[in-house]
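This is input.cif (mmCIF, C-alpha atoms).
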```
data_entry
#
loop_
_atom_site.label_atom_id
_atom_site.label_comp_id
_atom_site.auth_asym_id
_atom_site.auth_seq_id
_atom_site.Cartn_x
_atom_site.Cartn_y
_atom_site.Cartn_z
CA MET L 1 87.72 77.07 105.78
CA ASN L 2 90.69 76.39 108.06
CA GLU L 3 91.07 77.66 111.59
CA GLU L 4 93.20 80.62 110.61
CA MET L 5 90.72 81.85 108.04
CA ALA L 6 87.96 81.47 110.63
CA TRP L 7 89.95 83.74 112.97
CA VAL L 8 90.47 86.23 110.16
CA ALA L 9 86.74 86.22 109.38
CA GLN L 10 85.90 86.72 113.07
CA ALA L 11 88.48 89.50 113.35
CA GLN L 12 86.91 91.16 110.31
CA ARG L 13 83.60 91.08 112.17
CA GLY L 14 85.31 92.87 115.08
CA SER L 15 86.43 90.04 117.37
CA ASP L 16 89.46 91.12 119.41
CA GLU L 17 89.97 87.59 120.65
CA ALA L 18 90.28 86.20 117.13
CA PHE L 19 92.79 88.88 116.19
CA THR L 20 94.81 88.14 119.34
CA ARG L 21 95.08 84.54 118.18
CA LEU L 22 96.44 85.77 114.87
CA VAL L 23 98.99 87.92 116.75
CA GLU L 24 100.04 84.85 118.74
CA THR L 25 100.44 82.82 115.57
CA TYR L 26 102.36 85.37 113.53
CA GLN L 27 104.39 87.24 116.15
CA THR L 28 107.64 85.42 115.28
CA HIS L 29 107.17 85.86 111.51
CA VAL L 30 106.55 89.57 111.80
CA TYR L 31 109.17 90.21 114.49
CA ASN L 32 111.83 88.32 112.53
CA LEU L 33 111.19 90.35 109.39
CA CYS L 34 111.32 93.60 111.37
CA TYR L 35 114.46 92.52 113.21
CA ARG L 36 116.23 91.48 110.00
CA MET L 37 115.16 94.74 108.35
CA LEU L 38 116.00 97.14 111.19
CA GLY L 39 118.76 95.27 113.03
CA GLU L 40 117.74 96.46 116.51
CA PRO L 41 115.57 94.51 118.94
CA GLU L 42 113.77 97.61 120.28
CA ALA L 43 113.05 98.97 116.82
CA ALA L 44 111.94 95.50 115.71
CA GLU L 45 109.56 95.17 118.66
CA ASP L 46 108.13 98.60 117.94
CA ALA L 47 107.76 97.86 114.21
CA ALA L 48 106.18 94.46 114.85
CA GLN L 49 103.67 95.98 117.29
CA GLU L 50 102.87 98.75 114.81
CA THR L 51 102.41 96.15 112.07
CA PHE L 52 99.78 94.33 114.10
CA LEU L 53 98.04 97.57 115.03
CA ARG L 54 97.86 98.57 111.36
CA ALA L 55 96.67 95.11 110.39
CA TYR L 56 93.95 95.30 113.06
CA GLN L 57 92.90 98.73 111.88
CA HIS L 58 92.72 97.69 108.21
CA ILE L 59 91.63 94.05 108.57
CA HIS L 60 88.51 94.81 106.49
CA ARG L 61 90.84 95.52 103.53
CA TYR L 62 92.44 92.07 103.71
CA ASP L 63 91.78 90.03 100.59
CA SER L 64 91.18 86.45 101.66
CA LYS L 65 92.60 85.15 98.37
CA ARG L 66 96.08 86.02 99.66
CA PRO L 67 97.75 84.16 102.54
CA PHE L 68 97.22 86.14 105.74
CA GLY L 69 100.88 85.74 106.74
CA THR L 70 102.06 87.29 103.48
CA TRP L 71 99.66 90.21 103.97
CA LEU L 72 101.12 90.83 107.43
CA LEU L 73 104.68 90.57 106.11
CA SER L 74 103.79 93.05 103.40
CA ILE L 75 102.60 95.58 106.02
CA ALA L 76 105.72 94.97 108.10
CA ALA L 77 108.05 95.30 105.10
CA HIS L 78 106.50 98.59 103.98
CA TYR L 79 106.63 99.96 107.52
CA CYS L 80 110.30 98.99 107.92
CA ILE L 81 111.24 100.38 104.48
CA ASP L 82 109.61 103.72 105.40
CA ARG L 83 111.35 103.72 108.74
CA LEU L 84 114.73 102.98 107.16
CA ARG L 85 114.20 105.78 104.65
CA ARG L 86 113.35 108.20 107.44
CA ARG L 87 116.41 107.36 109.48
CA LYS L 88 118.73 107.16 106.49
CA PHE L 89 120.46 110.40 107.36
CA THR L 90 120.37 110.09 111.13
CA MET L 91 123.27 108.66 113.05
CA THR L 92 122.18 105.43 114.69
CA SER L 93 124.13 102.52 116.03
CA ILE L 94 122.86 99.37 114.38
CA ASP L 95 125.71 97.04 115.24
CA GLN L 96 124.12 95.43 118.26
CA ASP L 97 124.34 91.74 118.86
CA GLU L 98 121.08 89.95 118.15
CA GLU L 99 121.09 88.09 121.49
CA GLU L 100 120.36 91.42 123.17
CA GLY L 101 116.69 91.42 122.31
CA GLY L 102 115.49 88.57 120.11
CA PHE L 103 114.95 84.93 120.89
CA GLU L 104 116.17 82.48 118.28
CA LEU L 105 114.05 79.47 117.59
CA PRO L 106 115.89 76.25 118.45
CA ASP L 107 117.46 74.35 115.57
CA PRO L 108 117.60 70.57 116.09
CA ASP L 109 120.52 70.35 113.64
CA VAL L 110 122.79 72.44 115.85
CA ALA L 111 123.50 70.19 118.80
CA ASN L 112 127.01 70.96 120.04
CA PRO L 113 128.53 74.17 121.39
CA GLU L 114 131.25 74.36 118.74
CA ALA L 115 128.73 74.22 115.91
CA GLU L 116 126.59 76.73 117.77
CA ALA L 117 129.56 79.12 118.05
CA ILE L 118 130.35 78.86 114.33
CA TYR L 119 126.69 79.26 113.53
CA GLY L 120 126.45 82.27 115.85
CA GLU L 121 129.32 84.00 114.10
CA GLN L 122 127.75 83.26 110.69
CA ARG L 123 124.38 84.73 111.63
CA ARG L 124 125.98 87.86 113.12
CA GLN L 125 127.96 88.28 109.93
CA MET L 126 124.84 87.79 107.81
CA GLN L 127 122.97 90.37 109.90
CA ARG L 128 125.81 92.86 109.40
CA LEU L 129 125.81 92.24 105.66
CA LEU L 130 122.03 92.56 105.37
CA LYS L 131 122.30 96.11 106.70
CA LYS L 132 124.45 97.04 103.72
CA LEU L 133 121.68 96.20 101.25
CA ASP L 134 119.12 98.64 99.88
CA SER L 135 115.95 98.44 102.00
CA VAL L 136 113.73 96.95 99.27
CA ASP L 137 116.40 94.39 98.30
CA ARG L 138 116.75 93.54 101.98
CA ALA L 139 113.01 93.00 102.32
CA ALA L 140 113.01 90.76 99.24
CA ILE L 141 115.91 88.67 100.57
CA ILE L 142 114.32 88.30 104.02
CA MET L 143 110.95 87.31 102.60
CA ARG L 144 112.60 84.80 100.28
CA TYR L 145 115.05 83.13 102.66
CA TRP L 146 113.50 83.50 106.10
CA HIS L 147 109.86 83.26 105.19
CA ASP L 148 109.96 81.07 102.08
CA CYS L 149 107.82 83.51 100.10
CA SER L 150 107.56 82.87 96.38
CA GLU L 151 108.69 85.50 93.91
CA VAL L 152 105.02 86.21 93.12
CA GLU L 153 104.23 86.76 96.81
CA ILE L 154 107.24 89.05 97.21
CA ALA L 155 106.19 90.98 94.10
CA GLU L 156 102.64 91.43 95.47
CA SER L 157 103.92 92.41 98.89
CA LEU L 158 106.48 94.96 97.75
CA ASN L 159 104.46 96.31 94.79
CA LEU L 160 107.02 95.11 92.26
CA THR L 161 106.82 93.01 89.13
CA VAL L 162 107.97 89.40 89.31
CA SER L 163 110.88 90.13 86.98
CA ALA L 164 111.91 93.07 89.18
CA VAL L 165 111.88 90.74 92.19
CA LYS L 166 114.03 88.20 90.35
CA SER L 167 116.52 90.84 89.36
CA ARG L 168 116.57 92.39 92.85
CA LEU L 169 117.13 88.98 94.46
CA HIS L 170 119.92 88.20 92.00
CA ARG L 171 121.56 91.58 92.57
CA ALA L 172 121.20 91.38 96.33
CA ARG L 173 122.65 87.88 96.47
CA ARG L 174 125.61 88.99 94.39
CA ALA L 175 126.13 92.03 96.65
CA LEU L 176 125.90 89.85 99.78
CA ALA L 177 128.49 87.48 98.33
CA GLY L 178 130.75 90.45 97.55
CA TYR L 179 130.48 91.76 101.12
CA TRP L 180 130.96 88.24 102.44
CA GLU L 181 134.11 87.81 100.37
CA ALA L 182 135.44 91.19 101.54
CA GLU L 183 134.87 90.22 105.20
CA GLN L 184 136.56 86.87 104.68
CA GLN L 185 139.68 88.40 103.05
CA PRO L 186 142.07 88.10 106.06
CA SER L 187 141.20 84.46 106.65
CA HIS L 188 141.37 83.56 102.94
CA HIS L 189 145.14 83.47 103.07
CA GLU L 190 145.01 80.83 105.77
CA ARG L 191 142.52 78.58 104.04
CA ARG L 192 143.60 76.09 101.45
CA PRO L 193 141.64 75.98 98.19
CA HIS L 194 139.97 72.64 99.00
CA GLU L 195 138.56 73.72 102.35
CA SER L 196 135.47 75.64 101.37
CA PRO L 197 132.97 75.21 104.19
CA ALA L 198 130.15 75.60 101.70
CA PHE L 199 130.36 71.95 100.66
CA MET O 200 133.00 75.88 81.15
CA ASN O 201 133.57 79.52 82.12
CA HIS O 202 132.65 81.17 85.43
CA ARG O 203 129.30 82.80 84.50
CA PRO O 204 126.92 79.80 84.47
CA PHE O 205 128.20 78.59 87.83
CA GLU O 206 127.61 82.00 89.33
CA ASP O 207 124.05 82.06 87.93
CA TRP O 208 123.36 78.55 89.24
CA LEU O 209 124.41 79.68 92.70
CA LEU O 210 122.65 83.05 92.63
CA ASP O 211 119.35 81.74 91.30
CA ASP O 212 119.14 78.63 93.54
CA ARG O 213 118.70 76.41 90.49
CA GLN O 214 117.84 72.75 90.84
CA LEU O 215 120.95 70.98 89.55
CA THR O 216 121.50 67.48 88.25
CA ALA O 217 124.13 65.29 89.93
CA GLN O 218 126.56 65.99 87.10
CA GLN O 219 125.99 69.75 87.38
CA GLN O 220 126.52 69.59 91.13
CA ARG O 221 129.86 67.84 90.65
CA GLU O 222 130.92 70.46 88.10
CA LEU O 223 129.82 73.25 90.42
CA GLN O 224 131.73 71.81 93.37
CA ALA O 225 134.86 71.46 91.26
CA HIS O 226 134.51 75.07 90.10
CA VAL O 227 133.84 76.46 93.57
CA ARG O 228 137.08 74.91 94.86
CA THR O 229 139.07 77.01 92.42
CA CYS O 230 136.99 80.23 92.34
CA THR O 231 137.04 82.62 95.31
CA SER O 232 134.05 84.64 94.09
CA CYS O 233 131.86 81.53 93.71
CA THR O 234 133.11 80.29 97.08
CA ALA O 235 131.87 83.54 98.61
CA ILE O 236 128.46 83.12 96.92
CA ALA O 237 128.21 79.51 98.08
CA GLU O 238 129.20 80.42 101.64
CA SER O 239 126.81 83.34 101.80
CA ASN O 240 124.07 81.07 100.38
CA LEU O 241 124.74 78.60 103.11
CA ALA O 242 124.59 81.32 105.75
CA LEU O 243 121.34 82.64 104.26
CA HIS O 244 119.74 79.20 104.25
CA SER O 245 120.90 78.33 107.76
CA THR O 246 120.15 81.54 109.68
CA ARG O 247 117.14 80.96 111.88
CA ARG O 248 114.18 83.16 112.63
CA VAL O 249 114.34 85.42 115.65
CA GLY O 250 111.26 85.72 117.86
CA PRO O 251 110.21 88.57 120.15
CA ARG O 252 110.71 88.64 123.92
CA PRO O 253 108.06 86.68 125.84
CA GLY O 254 104.86 88.63 126.48
CA PHE O 255 104.59 90.13 123.00
CA VAL O 256 100.82 89.56 122.85
CA ASP O 257 100.29 91.21 126.23
CA ARG O 258 102.34 94.21 125.13
CA TYR O 259 100.29 94.33 121.92
CA GLN O 260 97.04 94.42 123.89
CA VAL O 261 98.32 97.21 126.12
CA ARG O 262 99.38 99.17 123.06
CA LEU O 263 96.06 98.58 121.34
CA GLU O 264 94.24 99.88 124.40
CA MET O 265 96.51 102.95 124.50
CA ARG O 266 95.88 103.57 120.78
CA ARG O 267 92.13 103.32 121.31
CA ARG O 268 92.31 105.75 124.21
CA GLN O 269 94.34 108.21 122.11
CA GLN O 270 91.81 107.84 119.30
CA ARG O 271 88.92 108.51 121.66
CA TRP O 272 90.65 111.60 123.08
CA ARG O 273 91.37 112.84 119.57
CA GLN O 274 87.69 112.41 118.71
CA ILE O 275 86.56 114.23 121.85
CA ILE O 276 89.02 117.10 121.30
CA GLY O 277 88.06 117.29 117.60
CA THR O 278 84.36 117.46 118.45
CA LEU O 279 84.98 120.11 121.12
CA VAL O 280 87.04 122.24 118.71
CA LEU O 281 84.30 121.92 116.06
CA VAL O 282 81.48 122.81 118.45
CA LEU O 283 83.34 125.70 120.08
CA GLY O 284 84.54 126.99 116.70
CA GLY O 285 80.98 126.77 115.32
CA LEU O 286 79.56 128.59 118.33
CA GLY O 287 82.26 131.26 118.04
CA LEU O 288 81.52 131.78 114.36
CA LEU O 289 77.78 131.89 115.03
CA TYR O 290 78.32 134.48 117.75
CA TRP O 291 80.62 136.53 115.48
CA PHE O 292 78.04 136.60 112.67
CA SER O 293 74.96 137.08 114.82
CA ALA O 294 76.30 139.51 117.45
CA PRO O 295 75.32 142.74 115.55
CA PHE O 296 71.81 141.41 114.78
CA VAL O 297 71.25 140.22 118.33
CA GLN O 298 72.32 143.65 119.59
CA ASP O 299 69.87 145.37 117.19
CA MET O 300 67.09 143.01 118.18
CA LEU O 301 67.63 143.73 121.87
CA LEU O 302 67.55 147.48 121.18
CA SER O 303 64.32 147.46 119.05
CA PRO O 304 62.42 144.17 119.51
CA ALA O 305 59.15 145.41 117.89
CA SER O 306 60.70 146.11 114.48
CA TRP O 307 62.49 142.73 114.57
CA ILE O 308 59.30 140.87 115.41
CA THR O 309 57.47 142.65 112.53
CA ALA O 310 60.32 141.83 110.13
CA GLY O 311 60.35 138.20 111.36
CA ILE O 312 56.58 137.79 110.77
CA GLY O 313 56.95 139.35 107.28
CA TYR O 314 59.80 136.94 106.48
CA PHE O 315 57.76 133.96 107.73
CA VAL O 316 54.77 134.99 105.60
CA PHE O 317 57.05 135.37 102.57
CA ILE O 318 58.52 131.89 103.10
CA MET O 319 55.11 130.29 103.51
CA THR O 320 53.73 132.03 100.41
CA SER O 321 56.79 130.94 98.39
CA ILE O 322 56.31 127.32 99.47
CA GLN O 323 52.66 127.46 98.52
CA VAL O 324 53.43 128.95 95.10
CA MET O 325 56.15 126.37 94.46
CA GLY O 326 53.74 123.59 95.46
CA GLU O 327 51.11 124.85 92.99
CA ALA O 328 53.71 125.20 90.21
CA THR O 329 54.95 121.64 90.84
CA GLY O 330 51.35 120.37 90.76
CA ILE O 331 50.78 122.01 87.35
CA ILE O 332 54.06 120.64 85.96
CA LEU O 333 53.25 117.13 87.24
CA HIS O 334 49.81 117.39 85.69
CA VAL O 335 51.13 118.48 82.27
CA LEU O 336 54.42 116.50 82.12
CA PRO O 337 53.06 112.89 81.86
CA GLY O 338 51.43 113.81 78.60
CA LEU O 339 54.66 115.21 77.16
CA ILE O 340 56.99 112.26 78.02
CA SER O 341 56.43 108.75 76.67
CA PRO O 342 56.27 105.70 79.01
CA ALA O 343 59.68 104.59 77.67
CA GLY O 344 61.12 107.97 78.61
CA TRP O 345 59.71 107.64 82.14
CA LEU O 346 61.16 104.14 82.40
CA GLY O 347 64.58 105.38 81.22
CA MET O 348 64.52 108.27 83.67
CA THR O 349 63.50 106.02 86.57
CA LEU O 350 66.28 103.55 85.73
CA ALA O 351 68.86 106.34 85.43
CA ILE O 352 67.84 107.85 88.76
CA SER O 353 67.89 104.41 90.43
CA ALA O 354 71.37 103.69 89.01
CA LEU O 355 72.63 107.05 90.25
CA ALA O 356 71.14 106.46 93.68
CA PHE O 357 72.73 102.98 93.83
CA LEU O 358 76.12 104.37 92.75
CA TRP O 359 75.87 107.12 95.31
CA THR O 360 74.97 104.68 98.11
CA VAL O 361 77.83 102.33 97.22
CA SER O 362 80.40 105.14 97.06
CA ILE O 363 79.23 106.64 100.34
CA ARG O 364 79.43 103.23 102.03
CA ARG O 365 82.94 102.66 100.69
CA VAL O 366 84.25 106.07 101.65
CA ALA O 367 82.54 106.19 105.01
CA ARG O 368 83.51 102.70 106.17
CA ALA O 369 85.27 103.38 109.47
CA PRO O 370 88.37 101.39 110.48
CA GLN O 371 87.41 98.67 112.93
CA GLY O 372 88.08 98.95 116.59
CA VAL O 373 90.26 102.06 116.62
#
```
Structure translated into structure tokens:
Amino acid sequence: MNEEMAWVAQAQRGSDEAFTRLVETYQTHVYNLCYRMLGEPEAAEDAAQETFLRAYQHIHRYDSKRPFGTWLLSIAAHYCIDRLRRRKFTMTSIDQDEEEGGFELPDPDVANPEAEAIYGEQRRQMQRLLKKLDSVDRAAIIMRYWHDCSEVEIAESLNLTVSAVKSRLHRARRALAGYWEAEQQPSHHERRPHESPAF
Amino acid sequence: MNHRPFEDWLLDDRQLTAQQQRELQAHVRTCTSCTAIAESNLALHSTRRVGPRPGFVDRYQVRLEMRRRQQRWRQIIGTLVLVLGGLGLLYWFSAPFVQDMLLSPASWITAGIGYFVFIMTSIQVMGEATGIILHVLPGLISPAGWLGMTLAISALAFLWTVSIRRVARAPQGV
């Protein structure tokens, strides 16, 4: 039994200290998913806190055959999907810059300011585009690309079949590319055909 | 090759051979829609995780404590409402009888003694009837029947215990 599973077992027996260690370990995972889902630092903080409270309350239901991180992400994803559904018809501003509330983990590959600026613009654009996706598709994309979850894990977490996950990921990726292309339209005229930054 | 397979390669993150990669790169240079997919793929793969503000765990602990306090208050208020409601109902039902009893205590005491005697006699009669049944019944049912009945009752009791434990298991800590 590894250390994490020992903490889970202790938390299941009622140890607050063990659960706090789990919160420390998974705070970035859970916060990132909530932030990518909701797009606002305050809402993400609130959702991440609520996720941990729900996990604490229902820790006895956790099935140790599943990875604990995936179980937490599943709670967070469901909470965020519900929240997005509730606020679907309310007017909220979700175009805030991500530097306002979140802290990005350092990337050793991005060393110079110019690359950082380009990267910053890309991530802001990706965050804008994510908001255009359906909430379940968004959750599937976030779990796949930010948390390296397998299609089976995503299916278990979002109560979908594996084939539904595949088709949702495919559809969401296509939609993201469409939005991306639409946002790039003005600059497309300036770029020559052999200058794709993708390769 | 037409556009479709390239699009699928990009959308499904397929593992490509060197030859396929060359073909894909050549196609992407001439296809704006595949360029958009490739660029968005790149952005997806390169966007980093965002972490919470420092002190997340402390804020979690404060929130947990607040939640526990709310839960405790809810329990106290719930219990108070139940007790007060029960007492109110009891008073509402018993008020006329209490009034009568205060007006004529002798008749109520006589009625109470009569009721007590009736209850005691009923218990005694039921005890005797049960004794007779238990005396006669073993002769009517075979040992196998007794065994079957005992097993069935044990299974039911086990099932009942398990279901009660499952339903009544309280969430931890809150």
Would you tabulate, counting all atoms listed in the file, all residues of chain O that have an atom at most 7 Å from an atom of chain L, showing the closest pair of atoms and their distance in Å to one decimal, sorted by chain then ascending number, as JSON lines?
```
{"residue": "O:Leu210", "atom": "CA", "partner": "L:His170", "partner_atom": "CA", "distance": 5.9}
{"residue": "O:Asp211", "atom": "CA", "partner": "L:His170", "partner_atom": "CA", "distance": 6.5}
{"residue": "O:Arg228", "atom": "CA", "partner": "L:His194", "partner_atom": "CA", "distance": 5.5}
{"residue": "O:Thr229", "atom": "CA", "partner": "L:Pro193", "partner_atom": "CA", "distance": 6.4}
{"residue": "O:Thr234", "atom": "CA", "partner": "L:Ser196", "partner_atom": "CA", "distance": 6.8}
{"residue": "O:Ala235", "atom": "CA", "partner": "L:Glu181", "partner_atom": "CA", "distance": 5.1}
{"residue": "O:Ile236", "atom": "CA", "partner": "L:Ala177", "partner_atom": "CA", "distance": 4.6}
{"residue": "O:Ala237", "atom": "CA", "partner": "L:Ala198", "partner_atom": "CA", "distance": 5.7}
{"residue": "O:Glu238", "atom": "CA", "partner": "L:Ala198", "partner_atom": "CA", "distance": 4.9}
{"residue": "O:Ser239", "atom": "CA", "partner": "L:Ala177", "partner_atom": "CA", "distance": 5.7}
{"residue": "O:Leu241", "atom": "CA", "partner": "L:Ala198", "partner_atom": "CA", "distance": 6.3}
{"residue": "O:Ala242", "atom": "CA", "partner": "L:Gln122", "partner_atom": "CA", "distance": 6.2}
{"residue": "O:Leu243", "atom": "CA", "partner": "L:Tyr145", "partner_atom": "CA", "distance": 6.5}
{"residue": "O:His244", "atom": "CA", "partner": "L:Tyr145", "partner_atom": "CA", "distance": 6.3}
{"residue": "O:Thr246", "atom": "CA", "partner": "L:Arg123", "partner_atom": "CA", "distance": 5.6}
{"residue": "O:Arg247", "atom": "CA", "partner": "L:Glu104", "partner_atom": "CA", "distance": 6.6}
{"residue": "O:Arg248", "atom": "CA", "partner": "L:Asn32", "partner_atom": "CA", "distance": 5.7}
{"residue": "O:Val249", "atom": "CA", "partner": "L:Glu104", "partner_atom": "CA", "distance": 4.3}
{"residue": "O:Gly250", "atom": "CA", "partner": "L:Thr28", "partner_atom": "CA", "distance": 4.5}
{"residue": "O:Pro251", "atom": "CA", "partner": "L:Gly102", "partner_atom": "CA", "distance": 5.3}
{"residue": "O:Arg252", "atom": "CA", "partner": "L:Gly102", "partner_atom": "CA", "distance": 6.1}
{"residue": "O:Val256", "atom": "CA", "partner": "L:Glu24", "partner_atom": "CA", "distance": 6.3}
{"residue": "O:Tyr259", "atom": "CA", "partner": "L:Gln49", "partner_atom": "CA", "distance": 6.0}
{"residue": "O:Leu263", "atom": "CA", "partner": "L:Leu53", "partner_atom": "CA", "distance": 6.7}
{"residue": "O:Pro370", "atom": "CA", "partner": "L:Gln57", "partner_atom": "CA", "distance": 5.4}
{"residue": "O:Gln371", "atom": "CA", "partner": "L:Gln57", "partner_atom": "CA", "distance": 5.6}
{"residue": "O:Gly372", "atom": "CA", "partner": "L:Gln57", "partner_atom": "CA", "distance": 6.7}
{"residue": "O:Val373", "atom": "CA", "partner": "L:Gln57", "partner_atom": "CA", "distance": 6.4}
```
Item to check | Interatomic distance, atom CA of O:Gln220 to atom CA of O:Trp208 (Å, one decimal) | outcome: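 These atoms are spaced 9.7 Å apart.
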Next on the checklist: Report, in Å to a single decimal, how far apart atom CA of L:Leu38 and atom CA of O:Gly254 are.
Outcome noted: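 Interatomic distance, atom CA of O:Gly254 to atom CA of L:Leu38: 20.7 Å.
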Checklist outcome for this item: note - atom CA of L:Val162 and atom CA of L:Arg66 are separated by 16.1 Å
Checklist entry - Using the chain letters and numbers from the file, which residues does the PyMOL selection byres ((chain L and resi 156) around 12) grab, as a PyMOL selection string? => result chain L and resi 66-67+70-71+73-75+77-78+140+143+149-155+157-165
Residue subset to file, keeping C-alpha atoms, as a PDB file, keeping the file's coordinate frame:
```pdb
ATOM      1  CA  ARG L  66      96.080  86.020  99.660  1.00  0.00           C
ATOM      2  CA  PRO L  67      97.750  84.160 102.540  1.00  0.00           C
ATOM      3  CA  THR L  70     102.060  87.290 103.480  1.00  0.00           C
ATOM      4  CA  TRP L  71      99.660  90.210 103.970  1.00  0.00           C
ATOM      5  CA  LEU L  73     104.680  90.570 106.110  1.00  0.00           C
ATOM      6  CA  SER L  74     103.790  93.050 103.400  1.00  0.00           C
ATOM      7  CA  ILE L  75     102.600  95.580 106.020  1.00  0.00           C
ATOM      8  CA  ALA L  77     108.050  95.300 105.100  1.00  0.00           C
ATOM      9  CA  HIS L  78     106.500  98.590 103.980  1.00  0.00           C
ATOM     10  CA  ALA L 140     113.010  90.760  99.240  1.00  0.00           C
ATOM     11  CA  MET L 143     110.950  87.310 102.600  1.00  0.00           C
ATOM     12  CA  CYS L 149     107.820  83.510 100.100  1.00  0.00           C
ATOM     13  CA  SER L 150     107.560  82.870  96.380  1.00  0.00           C
ATOM     14  CA  GLU L 151     108.690  85.500  93.910  1.00  0.00           C
ATOM     15  CA  VAL L 152     105.020  86.210  93.120  1.00  0.00           C
ATOM     16  CA  GLU L 153     104.230  86.760  96.810  1.00  0.00           C
ATOM     17  CA  ILE L 154     107.240  89.050  97.210  1.00  0.00           C
ATOM     18  CA  ALA L 155     106.190  90.980  94.100  1.00  0.00           C
ATOM     19  CA  SER L 157     103.920  92.410  98.890  1.00  0.00           C
ATOM     20  CA  LEU L 158     106.480  94.960  97.750  1.00  0.00           C
ATOM     21  CA  ASN L 159     104.460  96.310  94.790  1.00  0.00           C
ATOM     22  CA  LEU L 160     107.020  95.110  92.260  1.00  0.00           C
ATOM     23  CA  THR L 161     106.820  93.010  89.130  1.00  0.00           C
ATOM     24  CA  VAL L 162     107.970  89.400  89.310  1.00  0.00           C
ATOM     25  CA  SER L 163     110.880  90.130  86.980  1.00  0.00           C
ATOM     26  CA  ALA L 164     111.910  93.070  89.180  1.00  0.00           C
ATOM     27  CA  VAL L 165     111.880  90.740  92.190  1.00  0.00           C
TER      28      VAL L 165
END
```
Residue completion, stretch 167-183 of chain L, N, CA and C atoms, as a PDB file, keeping the file's coordinate frame:
```
ATOM      1  N   SER L 167     115.278  90.106  89.577  1.00  0.00           N
ATOM      2  CA  SER L 167     116.520  90.840  89.360  1.00  0.00           C
ATOM      3  C   SER L 167     117.045  91.425  90.675  1.00  0.00           C
ATOM      4  N   ARG L 168     116.126  91.864  91.557  1.00  0.00           N
ATOM      5  CA  ARG L 168     116.570  92.390  92.850  1.00  0.00           C
ATOM      6  C   ARG L 168     117.202  91.286  93.703  1.00  0.00           C
ATOM      7  N   LEU L 169     116.574  90.091  93.679  1.00  0.00           N
ATOM      8  CA  LEU L 169     117.130  88.980  94.460  1.00  0.00           C
ATOM      9  C   LEU L 169     118.519  88.607  93.950  1.00  0.00           C
ATOM     10  N   HIS L 170     118.639  88.557  92.623  1.00  0.00           N
ATOM     11  CA  HIS L 170     119.920  88.200  92.000  1.00  0.00           C
ATOM     12  C   HIS L 170     120.985  89.227  92.397  1.00  0.00           C
ATOM     13  N   ARG L 171     120.615  90.496  92.269  1.00  0.00           N
ATOM     14  CA  ARG L 171     121.560  91.580  92.570  1.00  0.00           C
ATOM     15  C   ARG L 171     121.944  91.585  94.059  1.00  0.00           C
ATOM     16  N   ALA L 172     120.937  91.365  94.886  1.00  0.00           N
ATOM     17  CA  ALA L 172     121.200  91.380  96.330  1.00  0.00           C
ATOM     18  C   ALA L 172     122.085  90.211  96.741  1.00  0.00           C
ATOM     19  N   ARG L 173     121.827  89.058  96.143  1.00  0.00           N
ATOM     20  CA  ARG L 173     122.650  87.880  96.470  1.00  0.00           C
ATOM     21  C   ARG L 173     124.092  88.105  96.053  1.00  0.00           C
ATOM     22  N   ARG L 174     124.259  88.700  94.883  1.00  0.00           N
ATOM     23  CA  ARG L 174     125.610  88.990  94.390  1.00  0.00           C
ATOM     24  C   ARG L 174     126.309  89.992  95.335  1.00  0.00           C
ATOM     25  N   ALA L 175     125.553  91.022  95.741  1.00  0.00           N
ATOM     26  CA  ALA L 175     126.130  92.030  96.650  1.00  0.00           C
ATOM     27  C   ALA L 175     126.509  91.382  97.983  1.00  0.00           C
ATOM     28  N   LEU L 176     125.607  90.525  98.507  1.00  0.00           N
ATOM     29  CA  LEU L 176     125.900  89.850  99.780  1.00  0.00           C
ATOM     30  C   LEU L 176     127.175  89.015  99.669  1.00  0.00           C
ATOM     31  N   ALA L 177     127.300  88.309  98.536  1.00  0.00           N
ATOM     32  CA  ALA L 177     128.490  87.480  98.330  1.00  0.00           C
ATOM     33  C   ALA L 177     129.740  88.357  98.271  1.00  0.00           C
ATOM     34  N   GLY L 178     129.619  89.512  97.638  1.00  0.00           N
ATOM     35  CA  GLY L 178     130.750  90.450  97.550  1.00  0.00           C
ATOM     36  C   GLY L 178     131.178  90.919  98.938  1.00  0.00           C
ATOM     37  N   TYR L 179     130.171  91.307  99.757  1.00  0.00           N
ATOM     38  CA  TYR L 179     130.480  91.760 101.120  1.00  0.00           C
ATOM     39  C   TYR L 179     131.087  90.616 101.938  1.00  0.00           C
ATOM     40  N   TRP L 180     130.487  89.434 101.720  1.00  0.00           N
ATOM     41  CA  TRP L 180     130.960  88.240 102.440  1.00  0.00           C
ATOM     42  C   TRP L 180     132.432  87.989 102.115  1.00  0.00           C
ATOM     43  N   GLU L 181     132.750  88.054 100.831  1.00  0.00           N
ATOM     44  CA  GLU L 181     134.110  87.810 100.370  1.00  0.00           C
ATOM     45  C   GLU L 181     135.063  88.858 100.988  1.00  0.00           C
ATOM     46  N   ALA L 182     134.602  90.115 100.989  1.00  0.00           N
ATOM     47  CA  ALA L 182     135.440  91.190 101.540  1.00  0.00           C
ATOM     48  C   ALA L 182     135.697  90.957 103.025  1.00  0.00           C
ATOM     49  N   GLU L 183     134.678  90.468 103.756  1.00  0.00           N
ATOM     50  CA  GLU L 183     134.870  90.220 105.200  1.00  0.00           C
ATOM     51  C   GLU L 183     135.759  89.021 105.454  1.00  0.00           C
TER      52      GLU L 183
END
```
